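S.K.: Provided herewith: input38.txt, compact mmCIF, C-alpha atoms and all ligand atoms.
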# COMPACT_ATOMS: atom_id res chain seq x y z
CA MET A 557 -32.64 4.05 51.49
CA ALA A 558 -35.90 2.21 50.85
CA VAL A 559 -38.26 3.74 48.31
CA THR A 560 -41.65 4.72 49.76
CA ILE A 561 -44.69 6.45 48.36
CA ASN A 562 -43.21 9.71 49.75
CA THR A 563 -40.06 9.19 47.66
CA LEU A 564 -42.21 9.03 44.52
CA ARG A 565 -44.18 12.14 45.54
CA GLU A 566 -40.93 14.04 46.10
CA LEU A 567 -39.59 12.90 42.72
CA LYS A 568 -42.77 14.15 41.04
CA GLN A 569 -42.43 17.51 42.78
CA LYS A 570 -38.82 17.80 41.62
CA GLY A 571 -39.76 16.72 38.08
CA GLU A 572 -37.49 13.65 38.29
CA ALA A 573 -38.66 10.48 36.59
CA PHE A 574 -38.75 7.10 38.34
CA SER A 575 -38.73 3.54 37.05
CA ALA A 576 -40.87 0.48 37.72
CA LEU A 577 -40.55 -3.06 36.42
CA THR A 578 -42.42 -6.29 36.98
CA SER A 579 -40.82 -9.17 38.89
CA TYR A 580 -42.42 -12.37 40.05
CA ASP A 581 -39.65 -14.15 41.97
CA SER A 582 -37.00 -13.54 44.57
CA THR A 583 -33.91 -13.67 42.31
CA PHE A 584 -35.23 -11.17 39.78
CA ALA A 585 -36.59 -8.96 42.57
CA GLN A 586 -33.05 -8.72 43.95
CA VAL A 587 -31.53 -7.99 40.51
CA VAL A 588 -34.22 -5.38 39.73
CA SER A 589 -33.96 -3.60 43.07
CA GLU A 590 -30.14 -3.64 43.04
CA ALA A 591 -30.25 -2.15 39.52
CA GLY A 592 -31.91 0.93 41.03
CA VAL A 593 -35.48 0.37 39.83
CA ASP A 594 -37.74 2.29 42.21
CA VAL A 595 -40.90 0.17 42.07
CA ILE A 596 -41.31 -3.59 41.64
CA LEU A 597 -44.71 -4.58 40.32
CA ILE A 598 -45.91 -8.13 40.88
CA GLY A 599 -48.21 -7.82 37.89
CA ASP A 600 -51.02 -10.19 37.10
CA SER A 601 -49.22 -10.23 33.73
CA LEU A 602 -47.68 -13.30 35.36
CA GLY A 603 -50.77 -15.10 34.05
CA MET A 604 -49.41 -14.54 30.55
CA VAL A 605 -45.63 -14.44 30.92
CA LEU A 606 -45.23 -17.18 33.57
CA GLN A 607 -48.35 -19.30 33.17
CA GLY A 608 -48.80 -19.08 29.38
CA ASN A 609 -52.43 -17.93 29.44
CA ASP A 610 -53.76 -15.58 26.78
CA SER A 611 -55.09 -13.11 29.36
CA THR A 612 -54.65 -12.18 33.04
CA LEU A 613 -58.11 -13.48 33.99
CA PRO A 614 -57.06 -16.93 35.25
CA VAL A 615 -54.74 -15.41 37.90
CA THR A 616 -55.96 -16.05 41.46
CA MET A 617 -55.26 -14.52 44.86
CA GLU A 618 -53.28 -17.66 45.72
CA HIS A 619 -50.95 -17.04 42.76
CA MET A 620 -50.54 -13.36 43.65
CA VAL A 621 -49.83 -14.04 47.34
CA TYR A 622 -47.26 -16.70 46.43
CA HIS A 623 -45.37 -14.47 43.97
CA THR A 624 -45.60 -11.42 46.25
CA SER A 625 -44.00 -13.37 49.10
CA CYS A 626 -41.21 -14.56 46.75
CA VAL A 627 -40.51 -10.99 45.56
CA ALA A 628 -40.55 -9.59 49.11
CA LYS A 629 -37.74 -11.99 50.10
CA GLY A 630 -35.42 -10.83 47.30
CA ASN A 631 -36.27 -7.13 47.32
CA LYS A 632 -33.50 -4.74 48.43
CA GLY A 633 -35.35 -1.48 48.95
CA SER A 634 -37.73 -0.98 46.03
CA LEU A 635 -41.38 -0.19 46.68
CA ILE A 636 -43.39 -3.40 46.19
CA MET A 637 -46.72 -3.03 44.38
CA ALA A 638 -48.93 -6.11 43.98
CA ASP A 639 -51.77 -6.48 41.52
CA MET A 640 -55.18 -7.44 42.82
CA PRO A 641 -56.30 -10.13 40.35
CA PHE A 642 -59.55 -10.28 38.37
CA MET A 643 -62.67 -10.11 40.58
CA SER A 644 -60.65 -10.03 43.85
CA TYR A 645 -62.04 -6.49 44.47
CA GLY A 646 -65.54 -6.98 43.07
CA THR A 647 -66.96 -5.83 46.41
CA VAL A 648 -65.44 -3.56 49.05
CA ALA A 649 -65.41 -6.45 51.55
CA ASP A 650 -63.51 -8.70 49.12
CA ALA A 651 -61.08 -5.90 48.36
CA LEU A 652 -60.28 -5.38 52.05
CA ASP A 653 -59.74 -9.10 52.75
CA ASN A 654 -57.68 -9.68 49.61
CA ALA A 655 -55.57 -6.53 49.94
CA ALA A 656 -54.79 -7.55 53.53
CA GLU A 657 -53.47 -10.90 52.24
CA LEU A 658 -51.18 -9.17 49.74
CA MET A 659 -49.91 -6.72 52.37
CA ARG A 660 -49.22 -9.61 54.76
CA ALA A 661 -47.29 -11.34 51.96
CA GLY A 662 -44.98 -8.30 51.71
CA ALA A 663 -46.63 -5.79 49.37
CA HIS A 664 -46.30 -2.10 50.25
CA MET A 665 -49.28 -1.19 48.09
CA VAL A 666 -51.86 -2.76 45.78
CA LYS A 667 -52.97 -1.97 42.24
CA LEU A 668 -56.58 -2.12 41.00
CA GLU A 669 -57.87 -1.77 37.44
CA GLY A 670 -60.97 0.31 36.79
CA THR A 671 -62.66 3.69 36.74
CA ASP A 672 -65.02 5.72 38.96
CA TRP A 673 -66.83 2.61 40.26
CA MET A 674 -63.70 1.93 42.41
CA ARG A 675 -64.09 5.10 44.50
CA ASP A 676 -65.62 3.43 47.57
CA THR A 677 -63.14 0.57 47.40
CA ILE A 678 -60.15 2.89 47.19
CA GLU A 679 -61.51 5.04 50.01
CA ALA A 680 -62.01 1.97 52.24
CA LEU A 681 -58.52 0.60 51.50
CA SER A 682 -56.84 3.97 51.92
CA GLU A 683 -58.60 4.72 55.22
CA ARG A 684 -57.42 1.36 56.55
CA GLY A 685 -53.75 1.92 55.67
CA VAL A 686 -53.45 0.28 52.27
CA PRO A 687 -51.86 2.54 49.65
CA VAL A 688 -53.49 2.11 46.23
CA CYS A 689 -52.45 2.49 42.62
CA ALA A 690 -55.42 3.02 40.28
CA HIS A 691 -54.78 1.55 36.80
CA LEU A 692 -56.64 3.35 33.99
CA GLY A 693 -56.60 3.22 30.18
CA LEU A 694 -56.06 -0.24 28.74
CA THR A 695 -56.93 -2.32 31.79
CA PRO A 696 -56.18 -5.92 30.72
CA GLN A 697 -58.76 -7.43 33.11
CA PHE A 698 -61.38 -5.72 30.88
CA VAL A 699 -60.11 -7.26 27.64
CA ASN A 700 -63.45 -8.93 26.98
CA LYS A 701 -65.35 -5.65 27.43
CA PHE A 702 -62.84 -3.81 25.22
CA GLY A 703 -62.94 -6.55 22.58
CA GLY A 704 -59.14 -6.77 22.50
CA TYR A 705 -56.00 -4.99 23.70
CA LYS A 706 -56.53 -1.50 22.25
CA VAL A 707 -55.24 2.01 22.93
CA GLN A 708 -57.80 3.83 25.12
CA GLY A 709 -58.85 7.50 25.34
CA ARG A 710 -58.50 8.24 21.63
CA ASP A 711 -61.64 10.33 21.19
CA ASP A 712 -62.45 13.53 23.08
CA LYS A 713 -65.25 12.02 25.16
CA ALA A 714 -63.13 9.07 26.32
CA ALA A 715 -60.18 11.37 26.99
CA GLU A 716 -62.25 13.77 29.14
CA ALA A 717 -63.75 10.80 31.02
CA MET A 718 -60.28 9.42 31.78
CA ILE A 719 -59.10 12.75 33.17
CA GLU A 720 -62.20 12.93 35.35
CA HIS A 721 -61.75 9.35 36.57
CA ALA A 722 -58.11 9.96 37.47
CA CYS A 723 -59.11 13.02 39.52
CA GLN A 724 -61.99 11.17 41.20
CA LEU A 725 -59.80 8.21 42.13
CA GLU A 726 -57.11 10.50 43.50
CA ALA A 727 -59.76 12.28 45.57
CA ALA A 728 -60.91 8.88 46.86
CA GLY A 729 -57.37 8.19 48.12
CA ALA A 730 -55.39 6.69 45.23
CA ASP A 731 -51.68 7.33 45.85
CA ILE A 732 -50.52 6.49 42.33
CA ILE A 733 -52.26 6.51 38.95
CA LEU A 734 -51.05 4.08 36.27
CA LEU A 735 -51.93 4.73 32.61
CA GLU A 736 -51.60 1.93 30.07
CA CYS A 737 -51.77 2.45 26.29
CA VAL A 738 -53.02 6.02 26.29
CA PRO A 739 -52.12 8.72 23.71
CA ALA A 740 -49.13 10.69 25.01
CA PRO A 741 -50.90 14.12 25.03
CA LEU A 742 -53.72 12.69 27.19
CA ALA A 743 -51.24 11.05 29.59
CA ALA A 744 -49.44 14.41 29.89
CA ARG A 745 -52.73 16.16 30.76
CA ILE A 746 -53.57 13.59 33.43
CA THR A 747 -50.05 13.85 34.89
CA GLN A 748 -50.59 17.62 35.22
CA ALA A 749 -54.13 17.26 36.57
CA VAL A 750 -53.29 15.07 39.59
CA LYS A 751 -50.83 15.54 42.45
CA ALA A 752 -50.29 11.78 42.73
CA PRO A 753 -47.34 10.32 40.81
CA VAL A 754 -48.43 8.91 37.43
CA ILE A 755 -46.76 5.81 35.96
CA GLY A 756 -47.08 5.15 32.25
CA ILE A 757 -46.74 2.14 29.97
CA GLY A 758 -47.36 3.02 26.35
CA ALA A 759 -48.34 6.50 27.58
CA GLY A 760 -45.46 8.64 26.31
CA SER A 761 -42.56 10.32 28.05
CA ASP A 762 -44.41 12.95 30.09
CA THR A 763 -45.67 10.74 32.91
CA ASP A 764 -43.78 10.84 36.23
CA GLY A 765 -42.64 7.24 35.99
CA GLN A 766 -42.47 4.36 33.52
CA VAL A 767 -43.19 0.66 33.89
CA LEU A 768 -42.53 -2.33 31.64
CA VAL A 769 -43.01 -6.06 31.90
CA LEU A 770 -39.60 -7.59 32.68
CA HIS A 771 -39.85 -10.32 30.03
CA ASP A 772 -40.76 -7.72 27.38
CA MET A 773 -37.75 -5.47 28.07
CA LEU A 774 -35.45 -8.50 28.02
CA GLY A 775 -36.88 -9.43 24.61
CA VAL A 776 -37.94 -12.95 25.62
CA THR A 777 -41.73 -12.58 25.33
CA PRO A 778 -42.91 -14.68 22.37
CA GLY A 779 -45.04 -13.10 19.65
CA ARG A 780 -45.41 -9.57 18.35
CA LYS A 781 -43.57 -6.85 20.30
CA PRO A 782 -45.94 -4.04 21.33
CA ARG A 783 -44.96 -0.57 20.05
CA PHE A 784 -44.17 0.72 23.57
CA VAL A 785 -41.62 -2.01 24.36
CA LYS A 786 -37.86 -1.65 23.98
CA ASN A 787 -35.52 -4.65 24.22
CA PHE A 788 -32.77 -3.37 26.55
CA LEU A 789 -30.89 -6.68 26.51
CA ALA A 790 -30.20 -6.22 22.78
CA GLU A 791 -27.89 -3.27 23.61
CA THR A 792 -26.21 -4.74 26.70
CA SER A 793 -24.37 -7.92 27.57
CA SER A 794 -26.18 -9.18 30.68
CA ILE A 795 -29.59 -9.07 32.35
CA PRO A 796 -28.42 -6.84 35.26
CA GLU A 797 -26.86 -4.41 32.75
CA ALA A 798 -30.08 -4.36 30.69
CA ILE A 799 -32.14 -3.54 33.77
CA GLU A 800 -29.66 -0.83 34.84
CA ALA A 801 -29.84 0.62 31.31
CA TYR A 802 -33.64 0.71 31.54
CA ALA A 803 -33.58 2.48 34.94
CA LYS A 804 -31.05 5.02 33.61
CA ALA A 805 -32.98 5.63 30.37
CA VAL A 806 -36.18 6.28 32.34
CA LYS A 807 -34.38 8.63 34.74
CA GLU A 808 -32.81 10.54 31.86
CA ARG A 809 -36.13 10.48 29.95
CA THR A 810 -34.51 8.91 26.88
CA PHE A 811 -37.07 6.07 27.19
CA PRO A 812 -39.76 6.03 25.95
CA ALA A 813 -38.76 7.64 22.66
CA GLU A 814 -41.10 8.80 19.87
CA GLU A 815 -41.16 5.33 18.32
CA HIS A 816 -42.56 3.82 21.56
CA THR A 817 -45.36 6.37 21.84
CA PHE A 818 -49.00 6.54 20.72
CA LYS A 819 -49.65 10.09 19.51
CA ALA A 820 -53.43 9.89 19.29
O1 LIG A 901 -49.77 -6.85 35.17
C1 LIG A 901 -48.89 -6.03 34.80
O2 LIG A 901 -47.72 -6.37 34.57
C2 LIG A 901 -49.30 -4.64 34.64
C3 LIG A 901 -48.39 -3.75 33.85
C4 LIG A 901 -48.54 -4.03 32.41
C5 LIG A 901 -48.60 -2.33 34.17
O3 LIG A 901 -50.34 -4.26 35.09
Rewrite the structure of this file - the entire thing - as structure tokens.
Ligand code: KIV
M.R.:
Amino acid sequence: MAVTINTLRELKQKGEAFSALTSYDSTFAQVVSEAGVDVILIGDSLGMVLQGNDSTLPVTMEHMVYHTSCVAKGNKGSLIMADMPFMSYGTVADALDNAAELMRAGAHMVKLEGTDWMRDTIEALSERGVPVCAHLGLTPQFVNKFGGYKVQGRDDKAAEAMIEHACQLEAAGADIILLECVPAPLAARITQAVKAPVIGIGAGSDTDGQVLVLHDMLGVTPGRKPRFVKNFLAETSSIPEAIEAYAKAVKERTFPAEEHTFKA
């Protein structure tokens, strides 16, 4: 049966973890969905892993629509989440037009990076039938404001602000919260504070779901491996097996382990 936003809500209520993984093309979308991964994210990480850029900022709506339509053709029942690229939701009007394009291309929901300033945008999208994931913590589109890719929410003030933002964005209509590179105790508090399912990446094992970038968990991303990444291909003998192992490890909460987690 196809995964919907209701499936994820039910899993949260039952305390069962769910998995998400990026895909950018039809073939991998089919492999990922057939491996039992609940959510496929067409991440703007494609700007780095497919296009070779050093950030996600060069990714355009045209790129996202193209890759979303490719993924939609291969998908076999996972929930498809598409990233809205840098500055495509700078105004509410832009957000509505651009989200509509992604939904027409086959997305079931869109993901936006930001904090309380996104309330009106999320409300407008939600009221018009577009489910939204609000991405908090290390939001890569803000790399130039952050001065690098750094763990967020480490001090008390930043942690309290993140909890408040998650609650505000849920109240505005966000259906999912995604936390990237956040200390595990803070991610656990946010997961408790909101009814919406919370997906984590580098956010510890207490979130409702986990997401990774496909190329990272297959161990093919060049350069330094971030702490929160595990190479599942190293322990298996094929890509489909590696993806199945990831989905199983998330479900059984054996991934992420201590070594993949930021404590504070
Ligand atoms: O673009 C992406 O792949 C993402 C994940 C890292 C969550 O936003």
S.K.: Restricting the calculation to only C-alpha atoms and all ligand atoms, which member of A:Pro753, A:Pro696, A:Gly633, A:Gly760 is positioned closest to ligand LIG 901 (chain A)?
M.R.: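 Comparing A:Pro753, A:Pro696, A:Gly633, A:Gly760 against ligand LIG 901 (chain A), the winner is A:Pro696.
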S.K.: Give me, please, the distance in Å between CA of Asp676 (chain A) and CA of Gln766 (chain A), quoted to one decimal.
M.R.: 27.1 Å
S.K.: Pro614 (chain A): which residues within 9 Å, counting only C-alpha atoms, same-chain residues fewer than 3 positions away excluded, as a list in words?
M.R.: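 Those residues are Gly603, Asn609, Ser611, Pro641 and Phe642 of chain A.
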S.K.: Write out as a VMD selection string the residues lying within 12 Å of Gly646 (chain A), counting only C-alpha atoms and excluding same-chain residues fewer than 6 positions away.
M.R.: chain A and resid 640 652 to 654 668 to 670 673 to 674 676 to 678
S.K.: So which residues are near ligand LIG 901 (chain A), meaning at most 7 Å away with all atoms listed in the file counted, given back as a PyMOL selection string?
M.R.: chain A and resi 578+597-602+639+736+757+767-769
S.K.: One number please: CA of Ala722 (chain A) to CA of Asp672 (chain A), in Å, one decimal.
M.R.: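 CA of Ala722 (chain A) sits 8.2 Å away from CA of Asp672 (chain A).
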S.K.: Residues of region 714-766 of chain A that have any atom at most 12 Å from an atom of region 789-808 of chain A: could you tabulate them with the shortest-distance atom pair and the distance in Å to one decimal, using all atoms listed in the file, ordered by chain and increasing number, as a Markdown table?
M.R.:
| residue | atom | partner | partner_atom | distance |
| --- | --- | --- | --- | --- |
| A:Ile755 | CA | A:Val806 | CA | 11.2 |
| A:Gly756 | CA | A:Val806 | CA | 11.0 |
| A:Ile757 | CA | A:Val806 | CA | 11.6 |
| A:Gly760 | CA | A:Val806 | CA | 11.3 |
| A:Ser761 | CA | A:Val806 | CA | 8.7 |
| A:Asp762 | CA | A:Val806 | CA | 10.8 |
| A:Thr763 | CA | A:Val806 | CA | 10.5 |
| A:Asp764 | CA | A:Val806 | CA | 9.7 |
| A:Gly765 | CA | A:Val806 | CA | 7.5 |
| A:Gln766 | CA | A:Val806 | CA | 6.7 |
S.K.: If we count all atoms listed in the file and set the cut-off at 7 Å, which residues sit around Glu679 (chain A), ignoring sequence neighbours fewer than 3 positions away in its own chain? Please answer as a list in words.
M.R.: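 Non-adjacent residues within range: Arg675, Asp676, Ser682, Glu683, Ala728 and Gly729 of chain A.
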S.K.: Between CA of Gly630 (chain A) and CA of Met665 (chain A), what distance in Å does the model show, to one decimal?
M.R.: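 We find that CA of Gly630 (chain A) and CA of Met665 (chain A) lie 16.9 Å from each other.
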S.K.: If we count all atoms listed in the file, what is near Leu734 (chain A) at a cut-off of 7 Å, once residues fewer than 3 positions away on the same chain are taken out, given as a compact mmCIF listing (two decimals) with C-alpha atoms, keeping the file's coordinate frame?
M.R.:
# COMPACT_ATOMS: atom_id res chain seq x y z
CA CYS A 689 -52.45 2.49 42.62
CA ALA A 690 -55.42 3.02 40.28
CA HIS A 691 -54.78 1.55 36.80
CA LEU A 692 -56.64 3.35 33.99
CA VAL A 754 -48.43 8.91 37.43
CA ILE A 755 -46.76 5.81 35.96
CA GLY A 756 -47.08 5.15 32.25
S.K.: At a cut-off of 7 Å, using only C-alpha atoms, what residues contact Ala663 (chain A)? Leave out same-chain residues fewer than 6 positions from it and give the result as a ChimeraX atom specification.
M.R.: /A:624,636-638
S.K.: Restricting the calculation to all atoms listed in the file: of A:Leu725, A:Leu770, A:Ala651, A:Ala558, which residue gets closest to Ala576 (chain A)?
M.R.: A:Leu770
S.K.: Which residues, protein or nucleic acid, reach to within 12 Å of (-40.6, 11.3, 44.1) in the file's coordinates when using all atoms listed in the file, and can you give that as a ChimeraX atom specification?
M.R.: /A:559-575,594-595,635,731-732,751-755,764-765,807
S.K.: Closest to Ala730 (chain A) among A:Ala759, A:Met773, A:Leu694, A:Val666, using only C-alpha atoms?
M.R.: A:Val666
